[in-house]
$ cat target02.pdb   # PDB, C-alpha atoms
ATOM      1  CA  MET A  72      -2.271  -7.236  13.695
ATOM      2  CA  ALA A  73      -3.379 -10.837  13.225
ATOM      3  CA  SER A  74      -5.360  -9.801  10.157
ATOM      4  CA  SER A  75      -2.284  -8.149   8.685
ATOM      5  CA  GLY A  76      -0.228 -11.298   9.264
ATOM      6  CA  ALA A  77      -2.894 -13.489   7.637
ATOM      7  CA  SER A  78      -3.021 -11.172   4.635
ATOM      8  CA  ALA A  79       0.767 -11.292   4.215
ATOM      9  CA  LEU A  80       0.675 -15.099   4.451
ATOM     10  CA  SER A  81      -2.037 -15.252   1.798
ATOM     11  CA  VAL A  82      -0.042 -13.051  -0.579
ATOM     12  CA  ASN A  83       3.194 -14.954   0.064
ATOM     13  CA  ARG A  84       1.794 -18.381  -0.760
ATOM     14  CA  TYR A  85       0.629 -17.201  -4.194
ATOM     15  CA  ARG A  86       3.863 -15.298  -4.696
ATOM     16  CA  TYR A  87       5.858 -18.469  -4.047
ATOM     17  CA  LEU A  88       3.635 -20.456  -6.408
ATOM     18  CA  LEU A  89       4.129 -17.847  -9.130
ATOM     19  CA  ALA A  90       7.895 -17.845  -8.547
ATOM     20  CA  SER A  91       8.028 -21.658  -8.783
ATOM     21  CA  LEU A  92       6.115 -21.612 -12.072
ATOM     22  CA  LEU A  93       8.413 -18.964 -13.537
ATOM     23  CA  VAL A  94      11.493 -20.958 -12.493
ATOM     24  CA  LEU A  95      10.081 -24.041 -14.231
ATOM     25  CA  ILE A  96       9.368 -22.156 -17.451
ATOM     26  CA  ILE A  97      12.702 -20.321 -17.586
ATOM     27  CA  VAL A  98      15.050 -23.034 -16.328
ATOM     28  CA  GLU A  99      13.563 -26.144 -17.958
ATOM     29  CA  PRO A 100      15.036 -25.620 -21.471
ATOM     30  CA  TRP A 101      18.522 -25.644 -19.925
ATOM     31  CA  LEU A 102      18.126 -28.875 -17.959
ATOM     32  CA  ARG A 103      19.812 -31.855 -19.600
ATOM     33  CA  GLY A 104      20.808 -35.352 -18.541
ATOM     34  CA  PRO A 105      19.986 -37.271 -15.327
ATOM     35  CA  GLY A 106      21.010 -34.362 -13.115
ATOM     36  CA  GLY A 107      18.798 -31.983 -15.062
ATOM     37  CA  ARG A 108      15.881 -34.354 -14.813
ATOM     38  CA  LEU A 109      16.377 -34.636 -11.057
ATOM     39  CA  LEU A 110      16.421 -30.850 -10.730
ATOM     40  CA  LEU A 111      13.331 -30.578 -12.930
ATOM     41  CA  VAL A 112      11.390 -32.985 -10.707
ATOM     42  CA  GLY A 113      12.546 -30.957  -7.703
ATOM     43  CA  VAL A 114      11.214 -27.719  -9.216
ATOM     44  CA  PHE A 115       7.963 -29.419 -10.177
ATOM     45  CA  SER A 116       7.651 -30.761  -6.629
ATOM     46  CA  ALA A 117       8.042 -27.206  -5.318
ATOM     47  CA  ILE A 118       5.145 -26.154  -7.560
ATOM     48  CA  LEU A 119       2.933 -28.948  -6.223
ATOM     49  CA  ILE A 120       3.786 -28.162  -2.597
ATOM     50  CA  THR A 121       3.229 -24.406  -2.906
ATOM     51  CA  ALA A 122       0.009 -25.074  -4.823
ATOM     52  CA  VAL A 123      -1.298 -27.235  -1.955
ATOM     53  CA  TRP A 124      -0.463 -24.376   0.396
ATOM     54  CA  GLY A 125      -2.779 -22.188  -1.666
ATOM     55  CA  LEU A 126      -5.710 -24.550  -1.005
ATOM     56  CA  HIS A 127      -5.848 -23.785   2.733
ATOM     57  CA  THR A 128      -8.976 -21.661   2.256
ATOM     58  CA  SER A 129     -11.105 -24.814   1.804
ATOM     59  CA  ARG A 130     -10.783 -27.915   3.976
ATOM     60  CA  ARG A 131     -12.360 -30.189   1.364
ATOM     61  CA  GLY A 132     -10.209 -28.717  -1.405
ATOM     62  CA  PHE A 133      -7.123 -29.031   0.772
ATOM     63  CA  VAL A 134      -7.750 -32.734   1.464
ATOM     64  CA  ALA A 135      -8.424 -33.469  -2.212
ATOM     65  CA  GLY A 136      -5.411 -31.414  -3.273
ATOM     66  CA  MET A 137      -3.136 -33.074  -0.729
ATOM     67  CA  THR A 138      -4.195 -36.527  -1.959
ATOM     68  CA  LEU A 139      -3.631 -35.682  -5.631
ATOM     69  CA  ALA A 140      -0.374 -33.834  -4.936
ATOM     70  CA  THR A 141       1.004 -36.768  -2.928
ATOM     71  CA  MET A 142       0.191 -39.185  -5.746
ATOM     72  CA  ALA A 143       1.749 -36.823  -8.313
ATOM     73  CA  LEU A 144       4.883 -36.358  -6.210
ATOM     74  CA  LEU A 145       5.321 -40.119  -5.769
ATOM     75  CA  GLY A 146       4.775 -40.736  -9.478
ATOM     76  CA  ASN A 147       7.275 -38.060 -10.515
ATOM     77  CA  TRP A 148      10.017 -39.251  -8.169
ATOM     78  CA  ILE A 149       9.486 -42.941  -8.985
ATOM     79  CA  GLY A 150       9.595 -42.013 -12.670
ATOM     80  CA  ILE A 151      13.224 -40.895 -12.254
ATOM     81  CA  PHE A 152      14.268 -44.475 -11.534
ATOM     82  CA  VAL A 153      11.601 -46.449 -13.442
ATOM     83  CA  GLU A 154      11.174 -45.945 -17.193
ATOM     84  CA  SER A 155       7.503 -46.775 -17.727
ATOM     85  CA  LEU A 156       5.152 -45.061 -20.162
ATOM     86  CA  PRO A 157       1.965 -46.183 -18.315
ATOM     87  CA  LEU A 158       3.401 -44.796 -15.047
ATOM     88  CA  LEU A 159       4.353 -41.547 -16.771
ATOM     89  CA  LEU A 160       0.899 -41.095 -18.313
ATOM     90  CA  ALA A 161      -0.832 -41.980 -15.035
ATOM     91  CA  THR A 162       1.341 -39.472 -13.155
ATOM     92  CA  ARG A 163       0.549 -36.767 -15.694
ATOM     93  CA  THR A 164      -3.175 -37.528 -15.426
ATOM     94  CA  VAL A 165      -3.073 -37.073 -11.652
ATOM     95  CA  THR A 166      -0.934 -33.941 -12.029
ATOM     96  CA  VAL A 167      -3.378 -32.401 -14.514
ATOM     97  CA  ALA A 168      -6.287 -33.203 -12.174
ATOM     98  CA  PHE A 169      -4.454 -31.503  -9.311
ATOM     99  CA  LEU A 170      -3.537 -28.444 -11.362
ATOM    100  CA  GLY A 171      -7.147 -28.255 -12.586
ATOM    101  CA  LEU A 172      -8.277 -28.155  -8.952
ATOM    102  CA  ILE A 173      -5.808 -25.337  -8.292
ATOM    103  CA  ILE A 174      -7.150 -23.351 -11.252
ATOM    104  CA  TRP A 175     -10.744 -23.845 -10.095
ATOM    105  CA  THR A 176      -9.864 -22.672  -6.587
ATOM    106  CA  LEU A 177      -7.879 -19.630  -7.719
ATOM    107  CA  LEU A 178     -10.536 -18.514 -10.202
ATOM    108  CA  GLY A 179     -13.154 -18.825  -7.467
ATOM    109  CA  ASN A 180     -11.005 -16.668  -5.187
ATOM    110  CA  VAL A 181     -10.610 -13.996  -7.891
ATOM    111  CA  ALA A 182     -14.342 -14.033  -8.645
ATOM    112  CA  ARG A 183     -15.240 -13.506  -4.968
ATOM    113  CA  GLN A 184     -12.906 -10.580  -4.387
ATOM    114  CA  THR A 185     -14.391  -7.093  -4.337
ATOM    115  CA  ARG A 186     -11.144  -5.132  -4.308
ATOM    116  CA  ILE A 187      -7.923  -5.390  -6.296
ATOM    117  CA  GLN A 188      -5.238  -6.668  -3.941
ATOM    118  CA  PRO A 189      -1.750  -8.077  -4.563
ATOM    119  CA  GLU A 190      -3.072 -11.618  -4.168
ATOM    120  CA  THR A 191      -5.628 -10.922  -6.937
ATOM    121  CA  ILE A 192      -2.826 -10.292  -9.417
ATOM    122  CA  TYR A 193      -0.744 -13.230  -8.195
ATOM    123  CA  GLN A 194      -3.672 -15.638  -8.414
ATOM    124  CA  ALA A 195      -4.609 -14.529 -11.938
ATOM    125  CA  ALA A 196      -0.998 -14.834 -13.110
ATOM    126  CA  CYS A 197      -0.706 -18.303 -11.538
ATOM    127  CA  VAL A 198      -3.834 -19.489 -13.359
ATOM    128  CA  TYR A 199      -2.444 -18.306 -16.695
ATOM    129  CA  LEU A 200       0.904 -20.039 -16.201
ATOM    130  CA  ILE A 201      -0.678 -23.243 -14.867
ATOM    131  CA  LEU A 202      -2.822 -23.410 -18.005
ATOM    132  CA  GLY A 203       0.364 -23.396 -20.076
ATOM    133  CA  VAL A 204       1.890 -26.174 -17.967
ATOM    134  CA  ILE A 205      -1.265 -28.315 -18.254
ATOM    135  CA  PHE A 206      -1.301 -28.070 -22.039
ATOM    136  CA  ALA A 207       2.435 -28.830 -22.154
ATOM    137  CA  LEU A 208       1.670 -32.092 -20.343
ATOM    138  CA  PHE A 209      -1.132 -32.795 -22.832
ATOM    139  CA  TYR A 210       1.135 -32.198 -25.823
ATOM    140  CA  ALA A 211       3.930 -34.343 -24.387
ATOM    141  CA  SER A 212       1.505 -37.193 -23.744
ATOM    142  CA  VAL A 213      -0.082 -36.997 -27.202
ATOM    143  CA  SER A 214       3.385 -36.963 -28.774
ATOM    144  CA  GLN A 215       4.412 -40.039 -26.817
ATOM    145  CA  ILE A 216       1.254 -41.940 -27.746
ATOM    146  CA  ASP A 217       1.442 -40.875 -31.406
ATOM    147  CA  ALA A 218       4.979 -40.047 -32.570
ATOM    148  CA  GLY A 219       3.623 -38.367 -35.706
ATOM    149  CA  ALA A 220       1.156 -36.095 -33.936
ATOM    150  CA  PHE A 221       3.421 -33.070 -34.400
ATOM    151  CA  ASN A 222       5.785 -31.990 -37.142
ATOM    152  CA  PRO A 223       8.751 -31.864 -37.098
ATOM    153  CA  VAL A 224       9.451 -34.843 -34.894
ATOM    154  CA  ALA A 225      12.543 -34.828 -32.677
ATOM    155  CA  ALA A 226      15.708 -35.731 -34.544
ATOM    156  CA  PRO A 227      17.858 -38.554 -33.148
ATOM    157  CA  GLY A 228      20.384 -37.311 -30.623
ATOM    158  CA  THR A 229      18.427 -34.180 -29.676
ATOM    159  CA  PRO A 230      17.267 -33.600 -26.096
ATOM    160  CA  GLU A 231      13.645 -34.099 -27.164
ATOM    161  CA  ALA A 232      14.399 -37.540 -28.550
ATOM    162  CA  GLY A 233      15.106 -40.612 -26.489
ATOM    163  CA  ALA A 234      13.155 -43.014 -24.359
ATOM    164  CA  ALA A 235       9.475 -42.249 -24.830
ATOM    165  CA  GLY A 236      10.391 -38.667 -25.750
ATOM    166  CA  ALA A 237      10.102 -37.702 -22.118
ATOM    167  CA  GLY A 238      11.593 -34.191 -22.484
ATOM    168  CA  LEU A 239       9.070 -31.507 -21.591
ATOM    169  CA  ALA A 240      11.082 -28.415 -22.549
ATOM    170  CA  LYS A 241       9.928 -28.532 -26.173
ATOM    171  CA  TRP A 242       6.287 -28.797 -25.122
ATOM    172  CA  VAL A 243       6.460 -26.061 -22.494
ATOM    173  CA  TYR A 244       7.856 -23.798 -25.212
ATOM    174  CA  PHE A 245       5.188 -24.855 -27.727
ATOM    175  CA  SER A 246       2.400 -24.535 -25.157
ATOM    176  CA  PHE A 247       3.205 -20.959 -24.219
ATOM    177  CA  ILE A 248       3.665 -19.699 -27.762
ATOM    178  CA  THR A 249       0.251 -21.256 -28.459
ATOM    179  CA  LEU A 250      -1.358 -19.830 -25.311
ATOM    180  CA  THR A 251      -0.087 -16.366 -26.215
ATOM    181  CA  THR A 252      -0.990 -16.965 -29.902
ATOM    182  CA  VAL A 253       2.543 -16.119 -31.050
ATOM    183  CA  GLY A 254       2.750 -19.254 -33.178
ATOM    184  CA  PHE A 255       6.232 -19.261 -34.752
ATOM    185  CA  GLY A 256       5.338 -22.308 -36.842
ATOM    186  CA  ASP A 257       8.452 -24.331 -35.990
ATOM    187  CA  ILE A 258       6.218 -27.035 -34.472
ATOM    188  CA  THR A 259       2.996 -27.903 -36.261
ATOM    189  CA  PRO A 260       0.159 -30.126 -35.014
ATOM    190  CA  VAL A 261      -0.695 -32.864 -37.520
ATOM    191  CA  ALA A 262      -2.924 -35.378 -35.738
ATOM    192  CA  PRO A 263      -6.570 -34.415 -35.059
ATOM    193  CA  ALA A 264      -6.073 -34.687 -31.270
ATOM    194  CA  ALA A 265      -3.055 -32.385 -31.417
ATOM    195  CA  ARG A 266      -4.906 -29.831 -33.549
ATOM    196  CA  SER A 267      -7.915 -29.860 -31.221
ATOM    197  CA  LEU A 268      -5.694 -29.201 -28.220
ATOM    198  CA  VAL A 269      -3.912 -26.333 -29.988
ATOM    199  CA  ILE A 270      -7.220 -24.704 -30.963
ATOM    200  CA  LEU A 271      -8.572 -25.105 -27.423
ATOM    201  CA  GLU A 272      -5.472 -23.602 -25.817
ATOM    202  CA  ALA A 273      -5.390 -20.646 -28.203
ATOM    203  CA  LEU A 274      -9.066 -19.905 -27.490
ATOM    204  CA  ILE A 275      -8.576 -20.217 -23.735
ATOM    205  CA  GLY A 276      -5.549 -17.918 -23.876
ATOM    206  CA  GLN A 277      -7.517 -15.205 -25.670
ATOM    207  CA  PHE A 278     -10.670 -15.507 -23.575
ATOM    208  CA  PHE A 279      -8.751 -15.631 -20.304
ATOM    209  CA  VAL A 280      -6.909 -12.384 -20.961
ATOM    210  CA  ALA A 281     -10.088 -10.635 -22.160
ATOM    211  CA  VAL A 282     -12.193 -11.793 -19.203
ATOM    212  CA  LEU A 283      -9.402 -11.127 -16.699
ATOM    213  CA  VAL A 284      -8.899  -7.557 -17.901
ATOM    214  CA  ALA A 285     -12.661  -6.946 -17.800
ATOM    215  CA  ARG A 286     -12.832  -8.360 -14.263
ATOM    216  CA  LEU A 287      -9.924  -6.264 -12.991
ATOM    217  CA  VAL A 288     -11.302  -3.097 -14.601
ATOM    218  CA  GLY A 289     -14.683  -3.789 -13.005
ATOM    219  CA  LEU A 290     -13.064  -4.266  -9.596
ATOM    220  CA  LEU A 291     -11.054  -1.075 -10.018
ATOM    221  CA  GLN A 292     -14.143   0.954 -10.935
ATOM    222  CA  THR A 293     -16.013  -0.449  -7.921
ATOM    223  CA  GLN A 294     -13.034   0.275  -5.679
ATOM    224  CA  LEU A 295     -12.660   3.877  -6.918
ATOM    225  CA  SER A 296     -16.387   4.612  -6.701
ATOM    226  CA  GLY A 297     -16.422   3.307  -3.135
ATOM    227  CA  GLU A 298     -13.641   5.692  -2.159
TER     228      GLU A 298
END

$ encode --input "target02.pdb" --output "structure tokens"
Amino acid sequence: MASSGASALSVNRYRYLLASLLVLIIVEPWLRGPGGRLLLVGVFSAILITAVWGLHTSRRGFVAGMTLATMALLGNWIGIFVESLPLLLATRTVTVAFLGLIIWTLLGNVARQTRIQPETIYQAACVYLILGVIFALFYASVSQIDAGAFNPVAAPGTPEAGAAGAGLAKWVYFSFITLTTVGFGDITPVAPAARSLVILEALIGQFFVAVLVARLVGLLQTQLSGE
């Protein structure tokens, strides 16, 4: 009975993380103005909190994740009231480090599993979506450091324009069409750093899907042969 409850808890924490990521991706393009930014930070905070919950399997990972998540949460909420590019870049650096830790932990969990379970699918899906979010943060930061890194640049008066070009919706969109190698061509990397990131993300997107499918097929064959 206790084992069943622990299993349900394990599945739920990854389910909530996946749901939070999907909400961010779907809702973010519609968020505008101060209220939208506040809601966006709230959704992002939910992702950080549910991600920390997923680190309970390792005490060391949980402590490291809690420290990074706390710093990222503080930076994101302070950033609502303080317009500072150094603060924004520092917050994104900590956030990327935290999300990288989450990816490492989830991939380790998937690699250790010997049977396909609901949490296996949730963890793999979370890793894929987190990769897209990480690269969106990279693209946004590169664009803010070098305004000509991507073409076309945001036109005056558009949501992507404004103080430090802080809008992430454009970069979440660009990141996922790159990760899935759709590539509509409406945004083009120009600077060498931007092009390197785009190439890296496209390669990771292809390799991840190929390796994931191979891993799941291998687990399924092992599971069926054992039955």

$ residues_around --input "target02.pdb" --residues "Leu177 (chain A)" --least-positions-apart "3" --cutoff "8 Å" --atoms "only C-alpha atoms" --output "MDAnalysis selection string"
chainID A and resid 173:174 180:181 194:195 198

$ residues_near_point --input "target02.pdb" --point "(-2.1, -33.7, -3.0)" --cutoff "12 Å" --atoms "only C-alpha atoms" --output "ChimeraX atom specification"
/A:116,118-126,131-146,165-170,172-173

$ closest_residue --input "target02.pdb" --among "A:Gly254, A:Gly289, A:Gly179, A:Gly171" --to "Ile205 (chain A)" --atoms "all atoms listed in the file"
A:Gly171

$ atom_distance --input "target02.pdb" --atom1 "CA of Asn83 (chain A)" --atom2 "CA of Thr293 (chain A)"
25.4 Å

$ resolve_selection --input "target02.pdb" --expression "the PyMOL selection byres ((chain A and resi 202) around 10)" --output "JSON list (two decimals) with C-alpha atoms, keeping the file's coordinate frame"
[["chain", "number", "residue", "atom", "x", "y", "z"],
["A", 167, "VAL", "CA", -3.38, -32.40, -14.51],
["A", 170, "LEU", "CA", -3.54, -28.44, -11.36],
["A", 171, "GLY", "CA", -7.15, -28.26, -12.59],
["A", 174, "ILE", "CA", -7.15, -23.35, -11.25],
["A", 197, "CYS", "CA", -0.71, -18.30, -11.54],
["A", 198, "VAL", "CA", -3.83, -19.49, -13.36],
["A", 199, "TYR", "CA", -2.44, -18.31, -16.70],
["A", 200, "LEU", "CA", 0.90, -20.04, -16.20],
["A", 201, "ILE", "CA", -0.68, -23.24, -14.87],
["A", 203, "GLY", "CA", 0.36, -23.40, -20.08],
["A", 204, "VAL", "CA", 1.89, -26.17, -17.97],
["A", 205, "ILE", "CA", -1.26, -28.32, -18.25],
["A", 206, "PHE", "CA", -1.30, -28.07, -22.04],
["A", 207, "ALA", "CA", 2.44, -28.83, -22.15],
["A", 246, "SER", "CA", 2.40, -24.54, -25.16],
["A", 247, "PHE", "CA", 3.20, -20.96, -24.22],
["A", 250, "LEU", "CA", -1.36, -19.83, -25.31],
["A", 272, "GLU", "CA", -5.47, -23.60, -25.82],
["A", 275, "ILE", "CA", -8.58, -20.22, -23.74],
["A", 276, "GLY", "CA", -5.55, -17.92, -23.88]]

$ closest_residue --input "target02.pdb" --among "A:Ile258, A:Thr176, A:Phe245, A:Arg84" --to "Arg130 (chain A)" --atoms "all atoms listed in the file"
A:Thr176

$ resolve_selection --input "target02.pdb" --expression "the PyMOL selection byres ((chain A and resi 261) around 10)" --output "VMD selection string"
chain A and resid 219 to 223 258 to 260 262 to 266

$ write_last_selection --input "target02.pdb" --atoms "C-alpha atoms" --output "PDB file, in the coordinates of the input"
ATOM      1  CA  GLY A 219       3.623 -38.367 -35.706  1.00  0.00           C
ATOM      2  CA  ALA A 220       1.156 -36.095 -33.936  1.00  0.00           C
ATOM      3  CA  PHE A 221       3.421 -33.070 -34.400  1.00  0.00           C
ATOM      4  CA  ASN A 222       5.785 -31.990 -37.142  1.00  0.00           C
ATOM      5  CA  PRO A 223       8.751 -31.864 -37.098  1.00  0.00           C
ATOM      6  CA  ILE A 258       6.218 -27.035 -34.472  1.00  0.00           C
ATOM      7  CA  THR A 259       2.996 -27.903 -36.261  1.00  0.00           C
ATOM      8  CA  PRO A 260       0.159 -30.126 -35.014  1.00  0.00           C
ATOM      9  CA  ALA A 262      -2.924 -35.378 -35.738  1.00  0.00           C
ATOM     10  CA  PRO A 263      -6.570 -34.415 -35.059  1.00  0.00           C
ATOM     11  CA  ALA A 264      -6.073 -34.687 -31.270  1.00  0.00           C
ATOM     12  CA  ALA A 265      -3.055 -32.385 -31.417  1.00  0.00           C
ATOM     13  CA  ARG A 266      -4.906 -29.831 -33.549  1.00  0.00           C
TER      14      ARG A 266
END
